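Below is my_file-v1.txt, holding compact mmCIF, C-alpha atoms and all ligand atoms.
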```txt
# COMPACT_ATOMS: atom_id res chain seq x y z
CA MET I 1 2.70 -196.43 -15.33
CA LYS I 2 0.92 -193.61 -17.09
CA ILE I 3 2.50 -190.18 -17.65
CA LEU I 4 0.32 -187.10 -17.96
CA VAL I 5 1.92 -184.25 -19.92
CA PRO I 6 0.24 -180.82 -19.86
CA VAL I 7 1.14 -178.84 -22.99
CA LYS I 8 0.32 -175.17 -23.49
CA ARG I 9 -0.24 -173.39 -26.80
CA VAL I 10 1.84 -170.23 -26.67
CA ILE I 11 3.17 -167.55 -29.01
CA ASP I 12 6.06 -169.13 -30.95
CA TYR I 13 9.45 -168.45 -29.37
CA ASN I 14 10.77 -166.99 -32.66
CA VAL I 15 8.04 -164.36 -32.85
CA LYS I 16 8.70 -160.88 -31.48
CA PRO I 17 5.56 -160.10 -29.46
CA ARG I 18 3.69 -156.86 -30.24
CA VAL I 19 1.91 -155.04 -27.45
CA LYS I 20 -1.68 -153.99 -28.23
CA ALA I 21 -2.13 -150.26 -28.78
CA ASP I 22 -4.29 -149.91 -25.65
CA GLY I 23 -1.63 -151.62 -23.48
CA SER I 24 -4.09 -154.33 -22.40
CA GLY I 25 -1.94 -157.26 -23.51
CA VAL I 26 0.02 -158.87 -26.33
CA ASP I 27 -1.55 -158.92 -29.80
CA LEU I 28 -2.15 -162.56 -30.79
CA ALA I 29 -3.98 -161.86 -34.08
CA ASN I 30 -2.29 -163.68 -36.99
CA VAL I 31 0.67 -164.66 -34.82
CA LYS I 32 2.36 -168.06 -35.13
CA MET I 33 1.57 -170.21 -32.10
CA SER I 34 3.42 -173.37 -31.03
CA MET I 35 3.82 -175.79 -28.17
CA ASN I 36 5.56 -174.20 -25.17
CA PRO I 37 9.23 -175.29 -25.60
CA PHE I 38 9.54 -176.68 -22.05
CA ASP I 39 6.43 -178.79 -22.72
CA GLU I 40 8.07 -180.26 -25.84
CA ILE I 41 10.89 -181.33 -23.53
CA ALA I 42 8.30 -182.88 -21.17
CA VAL I 43 6.64 -184.78 -24.05
CA GLU I 44 10.06 -186.00 -25.22
CA GLU I 45 11.02 -187.19 -21.74
CA ALA I 46 7.70 -189.00 -21.25
CA ILE I 47 8.13 -190.76 -24.61
CA ARG I 48 11.72 -191.73 -23.72
CA LEU I 49 10.49 -193.21 -20.42
CA LYS I 50 7.90 -195.19 -22.39
CA GLU I 51 10.50 -196.35 -24.90
CA ALA I 52 12.73 -197.45 -22.00
CA GLY I 53 9.88 -199.55 -20.61
CA SER I 54 9.34 -197.35 -17.52
CA ALA I 55 5.91 -196.16 -18.66
CA GLU I 56 3.07 -197.69 -20.65
CA GLU I 57 1.05 -194.69 -21.75
CA VAL I 58 1.64 -190.99 -22.40
CA VAL I 59 -1.43 -188.74 -22.22
CA ALA I 60 -1.13 -185.12 -23.37
CA VAL I 61 -3.55 -182.49 -22.06
CA SER I 62 -4.05 -178.87 -23.01
CA ILE I 63 -6.32 -176.21 -21.55
CA GLY I 64 -7.10 -173.55 -24.12
CA PRO I 65 -8.99 -172.64 -27.28
CA ALA I 66 -10.10 -175.13 -29.97
CA LYS I 67 -6.85 -174.40 -31.82
CA ALA I 68 -4.91 -176.01 -28.96
CA GLN I 69 -5.89 -179.24 -30.77
CA GLU I 70 -2.95 -178.51 -33.09
CA THR I 71 -0.63 -178.46 -30.09
CA LEU I 72 -2.03 -181.78 -28.91
CA ARG I 73 -1.67 -183.26 -32.41
CA THR I 74 2.01 -182.26 -32.28
CA ALA I 75 2.38 -184.14 -28.99
CA LEU I 76 0.62 -187.15 -30.55
CA ALA I 77 2.88 -186.96 -33.61
CA MET I 78 5.93 -186.95 -31.34
CA GLY I 79 4.64 -190.17 -29.74
CA ALA I 80 1.99 -189.46 -27.10
CA ASP I 81 -0.78 -192.08 -27.13
CA ARG I 82 -3.88 -189.94 -26.64
CA ALA I 83 -4.91 -186.41 -25.78
CA ILE I 84 -7.43 -184.41 -23.80
CA LEU I 85 -8.40 -180.85 -24.76
CA VAL I 86 -10.09 -178.84 -22.02
CA GLU I 87 -11.59 -176.22 -24.27
CA THR I 88 -12.04 -172.62 -23.17
CA ASP I 89 -11.54 -169.22 -24.77
CA ASP I 90 -10.86 -167.61 -21.38
CA THR I 91 -7.37 -166.83 -20.16
CA VAL I 92 -6.78 -169.55 -17.61
CA GLU I 93 -4.41 -168.63 -14.80
CA PRO I 94 -1.95 -171.19 -13.30
CA LEU I 95 -4.14 -171.90 -10.24
CA ALA I 96 -7.15 -172.81 -12.39
CA VAL I 97 -4.90 -174.88 -14.71
CA ALA I 98 -3.54 -176.71 -11.64
CA LYS I 99 -7.09 -177.38 -10.36
CA ILE I 100 -8.15 -178.83 -13.75
CA LEU I 101 -4.96 -180.94 -13.93
CA LYS I 102 -5.62 -182.23 -10.41
CA ALA I 103 -9.12 -183.35 -11.46
CA ILE I 104 -7.72 -185.06 -14.58
CA ALA I 105 -4.99 -186.72 -12.51
CA GLU I 106 -7.67 -188.07 -10.15
CA GLU I 107 -9.46 -189.64 -13.13
CA GLU I 108 -6.36 -190.88 -14.95
CA GLY I 109 -4.13 -191.88 -12.02
CA PRO I 110 -0.74 -191.06 -13.64
CA GLY I 111 2.50 -192.07 -11.91
CA ILE I 112 4.07 -188.80 -13.07
CA VAL I 113 2.64 -185.49 -14.17
CA MET I 114 5.44 -184.03 -16.32
CA LEU I 115 5.05 -180.29 -16.92
CA GLY I 116 7.30 -177.62 -18.36
CA LYS I 117 9.03 -175.49 -15.73
CA GLN I 118 7.31 -172.42 -17.16
CA ALA I 119 5.18 -171.22 -20.03
CA ILE I 120 7.09 -168.70 -22.13
CA ASP I 121 4.07 -166.43 -22.57
CA ASP I 122 3.33 -165.62 -18.92
CA ASP I 123 6.65 -166.86 -17.40
CA SER I 124 4.64 -167.78 -14.30
CA ASN I 125 6.58 -170.88 -13.23
CA GLN I 126 3.72 -171.75 -10.88
CA THR I 127 1.52 -174.50 -12.31
CA GLY I 128 3.66 -177.55 -11.41
CA GLN I 129 4.29 -176.32 -7.90
CA MET I 130 0.60 -175.50 -7.32
CA LEU I 131 -0.45 -178.88 -8.75
CA ALA I 132 1.91 -180.77 -6.42
CA ALA I 133 0.53 -178.80 -3.45
CA LEU I 134 -3.12 -179.43 -4.45
CA MET I 135 -2.42 -183.14 -5.03
CA GLU I 136 -0.35 -183.35 -1.84
CA ARG I 137 2.33 -185.18 -3.83
CA PRO I 138 6.12 -184.60 -4.00
CA GLN I 139 7.60 -182.38 -6.69
CA GLY I 140 10.92 -182.33 -8.55
CA THR I 141 11.20 -179.00 -10.37
CA PHE I 142 13.74 -177.81 -13.00
CA ALA I 143 14.68 -181.39 -13.94
CA SER I 144 17.81 -182.00 -15.98
CA ALA I 145 17.65 -185.80 -15.51
CA VAL I 146 14.79 -188.15 -14.61
CA LYS I 147 15.28 -191.79 -13.62
CA ILE I 148 12.56 -194.20 -12.53
CA ASP I 149 13.57 -196.56 -9.73
CA GLY I 150 10.69 -198.90 -8.81
CA GLU I 151 8.21 -196.92 -6.73
CA HIS I 152 10.41 -193.81 -6.84
CA VAL I 153 11.73 -191.30 -9.32
CA HIS I 154 15.15 -189.65 -9.06
CA VAL I 155 15.07 -186.10 -10.33
CA THR I 156 18.30 -184.16 -10.86
CA ARG I 157 17.48 -180.49 -10.44
CA GLU I 158 19.29 -177.48 -11.80
CA VAL I 159 19.83 -175.27 -8.76
CA ASP I 160 22.06 -172.26 -8.14
CA GLY I 161 25.65 -173.44 -8.02
CA GLY I 162 25.12 -176.98 -9.30
CA LEU I 163 22.89 -180.01 -9.46
CA GLU I 164 20.75 -181.53 -6.73
CA THR I 165 19.22 -185.01 -6.99
CA VAL I 166 16.02 -185.72 -5.09
CA LYS I 167 14.26 -189.07 -4.69
CA LEU I 168 10.47 -188.78 -4.83
CA ALA I 169 7.85 -191.39 -4.03
CA LEU I 170 5.49 -191.92 -6.98
CA PRO I 171 3.03 -190.52 -7.93
CA ALA I 172 4.94 -187.26 -8.29
CA VAL I 173 5.05 -183.99 -10.19
CA VAL I 174 8.12 -183.22 -12.31
CA THR I 175 8.86 -179.98 -14.18
CA THR I 176 11.39 -179.92 -17.00
CA ASP I 177 14.37 -177.63 -17.53
CA LEU I 178 16.10 -176.83 -20.81
CA ARG I 179 18.96 -179.34 -20.57
CA LEU I 180 16.82 -182.43 -19.86
CA ASN I 181 16.78 -183.54 -23.53
CA GLU I 182 16.51 -182.40 -27.13
CA PRO I 183 12.96 -182.97 -28.34
CA ARG I 184 12.55 -184.97 -31.55
CA TYR I 185 10.89 -183.68 -34.68
CA ALA I 186 7.74 -185.52 -35.65
CA SER I 187 8.23 -187.47 -38.89
CA LEU I 188 5.66 -187.14 -41.68
CA PRO I 189 4.32 -190.70 -41.21
CA ASN I 190 3.92 -190.00 -37.49
CA ILE I 191 2.11 -186.71 -38.22
CA MET I 192 -0.31 -188.69 -40.40
CA LYS I 193 -0.72 -191.39 -37.74
CA ALA I 194 -1.37 -188.74 -35.08
CA LYS I 195 -4.52 -187.64 -36.91
CA LYS I 196 -6.11 -190.97 -36.00
CA LYS I 197 -5.06 -191.03 -32.33
CA PRO I 198 -7.84 -190.36 -29.79
CA LEU I 199 -8.42 -186.74 -28.77
CA GLU I 200 -11.18 -186.13 -26.23
CA THR I 201 -12.70 -182.66 -25.74
CA LYS I 202 -13.89 -181.50 -22.32
CA SER I 203 -14.70 -178.19 -20.65
CA PRO I 204 -13.48 -176.67 -17.34
CA ALA I 205 -17.08 -177.12 -16.04
CA ASP I 206 -16.73 -180.91 -16.56
CA TYR I 207 -14.10 -180.76 -13.81
CA GLY I 208 -16.08 -178.28 -11.68
CA VAL I 209 -13.38 -175.63 -11.99
CA ASP I 210 -14.18 -171.91 -12.07
CA THR I 211 -11.64 -170.31 -14.41
CA ALA I 212 -12.57 -166.68 -13.64
CA PRO I 213 -9.31 -164.69 -13.36
CA ARG I 214 -8.07 -163.79 -9.89
CA LEU I 215 -5.61 -161.23 -11.27
CA ALA I 216 -6.22 -158.07 -13.30
CA THR I 217 -3.51 -156.95 -15.73
CA THR I 218 -3.14 -153.23 -15.22
CA LYS I 219 -0.69 -152.46 -18.02
CA VAL I 220 1.51 -154.17 -20.62
CA THR I 221 4.37 -152.18 -22.17
CA GLU I 222 7.18 -152.82 -24.65
CA PRO I 223 10.65 -153.19 -23.09
CA PRO I 224 12.63 -149.90 -23.25
CA VAL I 225 14.49 -149.50 -26.54
CA ARG I 226 18.25 -149.97 -26.10
CA GLN I 227 20.31 -146.95 -27.01
CA ALA I 228 22.76 -147.33 -29.89
CA GLY I 229 26.38 -148.13 -28.90
CA GLU I 230 29.39 -146.02 -29.83
CA MET I 231 32.75 -147.27 -31.17
CA VAL I 232 35.88 -145.87 -29.51
CA GLU I 233 39.44 -145.83 -30.90
CA ASP I 234 41.34 -147.46 -28.03
CA VAL I 235 41.31 -148.27 -24.31
CA ASP I 236 42.27 -144.69 -23.33
CA ALA I 237 39.29 -143.36 -25.25
CA LEU I 238 37.08 -145.98 -23.59
CA VAL I 239 38.26 -144.99 -20.10
CA ALA I 240 37.81 -141.28 -20.93
CA LYS I 241 34.29 -142.00 -22.18
CA LEU I 242 33.39 -143.99 -19.07
CA LYS I 243 34.69 -141.13 -16.87
CA GLN I 244 32.75 -138.60 -18.90
CA LEU I 245 29.54 -140.67 -18.40
CA GLY I 246 30.29 -141.01 -14.68
CA HIS I 247 30.80 -144.82 -14.81
CA ALA I 248 34.46 -144.84 -13.75
P1 LIG I 301 3.32 -171.64 -15.95
O1 LIG I 301 3.14 -171.94 -14.48
O2 LIG I 301 2.15 -170.87 -16.54
O3 LIG I 301 4.64 -170.96 -16.23
O4 LIG I 301 3.31 -173.04 -16.73
C1 LIG I 301 4.11 -174.14 -16.31
C2 LIG I 301 3.69 -175.39 -17.05
O5 LIG I 301 2.33 -175.71 -16.73
C3 LIG I 301 3.71 -175.33 -18.58
O6 LIG I 301 5.03 -175.56 -19.06
C4 LIG I 301 2.73 -176.45 -18.94
O7 LIG I 301 3.33 -177.74 -18.80
C5 LIG I 301 1.67 -176.32 -17.84
N1 LIG I 301 0.57 -175.42 -18.28
C6 LIG I 301 0.37 -174.12 -17.97
N2 LIG I 301 -0.73 -173.64 -18.57
C7 LIG I 301 -1.25 -174.67 -19.28
C8 LIG I 301 -2.39 -174.84 -20.14
N3 LIG I 301 -3.24 -173.83 -20.38
N4 LIG I 301 -2.60 -176.06 -20.70
C9 LIG I 301 -1.76 -177.09 -20.47
N5 LIG I 301 -0.68 -176.99 -19.68
C10 LIG I 301 -0.42 -175.82 -19.09
```

Transcribe the structure of this file into structure tokens.
Amino acid sequence: MKILVPVKRVIDYNVKPRVKADGSGVDLANVKMSMNPFDEIAVEEAIRLKEAGSAEEVVAVSIGPAKAQETLRTALAMGADRAILVETDDTVEPLAVAKILKAIAEEEGPGIVMLGKQAIDDDSNQTGQMLAALMERPQGTFASAVKIDGEHVHVTREVDGGLETVKLALPAVVTTDLRLNEPRYASLPNIMKAKKKPLETKSPADYGVDTAPRLATTKVTEPPVRQAGEMVEDVDALVAKLKQLGHA
């Protein structure tokens, strides 16, 4: 079985995003970019399934600018076998990403498409669900455990109030949640080896997908600045303060 892992290049999770002066978006100039953290978890899980003998090949795919090659090389250094870059400088919305992934899945025939539950830049949480709908295949979202069982996959999902395990017929779409695993760091020898692994470059037009945005961003603003707190002497002073502010 082959596993297809879509990985997105996003602003690094340690970076505090700056909003552009004209409010049109987030300033990405000279900002550290990394693999979306949920996608690292997806790469890790795919590699673990391969190591356990449940999969034969892990193919990473990214839709984005030429620099997304770095993200793919990271996936290759972690242990993916080969990579596909669908190169575009446009902002590609989840629906267009899902359409491109569907076309790649038709060519590659993976048993599982393993995505992150959401990209931390747009927080859409849409691509996996849209892909499953377009492919007319079952989906197991927010996975905290994945187990292959012959022609099926058992996905334990993090839902409100607990865990739910669903059994899906393969091929299926799985999206990863935070507690699924702890992704490995790529070792230096593996980073060197990854440079020689195959990386194919395509364009959205190769898959016949129009990536023109369907949404217009009207405004992007910084979150409101939190007001400074105030220390009080004791509980009585706290209660008096709350009463004074009309909270008690
Ligand atoms: P989203 O629906 O945008 O929150 O993204 C959910 C997941 O879809 C991500 O964690 C990735 O696995 C995948 N994805 C979204 N955008 C891209 C992209 N441009 N390239 C590759 N994978 C993507």

Extract, using only C-alpha atoms, all DNA, RNA and protein residues at most 12 Å from I:Met192, discarding same-chain residues fewer than 2 positions from it, and format them as an mmCIF file with C-alpha atoms, keeping the file's coordinate frame.
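The result, stored in result27.cif:
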```
data_model
loop_
_atom_site.group_PDB
_atom_site.id
_atom_site.type_symbol
_atom_site.label_atom_id
_atom_site.label_comp_id
_atom_site.auth_asym_id
_atom_site.auth_seq_id
_atom_site.Cartn_x
_atom_site.Cartn_y
_atom_site.Cartn_z
ATOM 1 C CA ARG I 73 -1.670 -183.260 -32.410
ATOM 2 C CA THR I 74 2.010 -182.260 -32.280
ATOM 3 C CA LEU I 76 0.620 -187.150 -30.550
ATOM 4 C CA ALA I 77 2.880 -186.960 -33.610
ATOM 5 C CA MET I 78 5.930 -186.950 -31.340
ATOM 6 C CA GLY I 79 4.640 -190.170 -29.740
ATOM 7 C CA ALA I 186 7.740 -185.520 -35.650
ATOM 8 C CA SER I 187 8.230 -187.470 -38.890
ATOM 9 C CA LEU I 188 5.660 -187.140 -41.680
ATOM 10 C CA PRO I 189 4.320 -190.700 -41.210
ATOM 11 C CA ASN I 190 3.920 -190.000 -37.490
ATOM 12 C CA ALA I 194 -1.370 -188.740 -35.080
ATOM 13 C CA LYS I 195 -4.520 -187.640 -36.910
ATOM 14 C CA LYS I 196 -6.110 -190.970 -36.000
ATOM 15 C CA LYS I 197 -5.060 -191.030 -32.330
#
```

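For ligand LIG 301 (chain I), the neighbouring polymer residues at 7 Å or closer are Val5, Pro6, Val7, Lys8, Asn36, Phe38, Asp39, Val61, Ser62, Ile63, Gly64, Val92, Pro94, Val97, Leu115, Gly116, Lys117, Gln118, Ala119, Ile120, Asp122, Asp123, Ser124, Asn125, Gln126, Thr127 and Gly128 of chain I, all atoms listed in the file being used.
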
Original post:
Which is closest to I:Gly150 among I:Met135, I:Ile191, I:Leu199, I:Ala169, if we use only C-alpha atoms?
Top reply: I:Ala169

Skipping near chain neighbours, those fewer than 4 positions away, what residues fall within 9 Å of I:Ala60 using all atoms listed in the file, listed as an mmCIF file with C-alpha atoms, keeping the file's coordinate frame?
```cif
data_model
loop_
_atom_site.group_PDB
_atom_site.id
_atom_site.type_symbol
_atom_site.label_atom_id
_atom_site.label_comp_id
_atom_site.auth_asym_id
_atom_site.auth_seq_id
_atom_site.Cartn_x
_atom_site.Cartn_y
_atom_site.Cartn_z
ATOM 1 C CA ILE I 3 2.500 -190.180 -17.650
ATOM 2 C CA LEU I 4 0.320 -187.100 -17.960
ATOM 3 C CA VAL I 5 1.920 -184.250 -19.920
ATOM 4 C CA PRO I 6 0.240 -180.820 -19.860
ATOM 5 C CA VAL I 7 1.140 -178.840 -22.990
ATOM 6 C CA VAL I 43 6.640 -184.780 -24.050
ATOM 7 C CA LEU I 72 -2.030 -181.780 -28.910
ATOM 8 C CA ALA I 75 2.380 -184.140 -28.990
ATOM 9 C CA LEU I 76 0.620 -187.150 -30.550
ATOM 10 C CA ALA I 80 1.990 -189.460 -27.100
ATOM 11 C CA ASP I 81 -0.780 -192.080 -27.130
ATOM 12 C CA ARG I 82 -3.880 -189.940 -26.640
ATOM 13 C CA ALA I 83 -4.910 -186.410 -25.780
ATOM 14 C CA ILE I 84 -7.430 -184.410 -23.800
ATOM 15 C CA LEU I 85 -8.400 -180.850 -24.760
#
```

**OP:** Considering all atoms listed in the file, return as a PyMOL selection string whatever protein or nucleic-acid residues lie within 10 Å of stretch 138-141 of chain I, sequence-local ones (same chain, fewer than 4 positions apart) excluded.
**Re:** chain I and resi 112-117+125+128-133+146+153-159+165-177
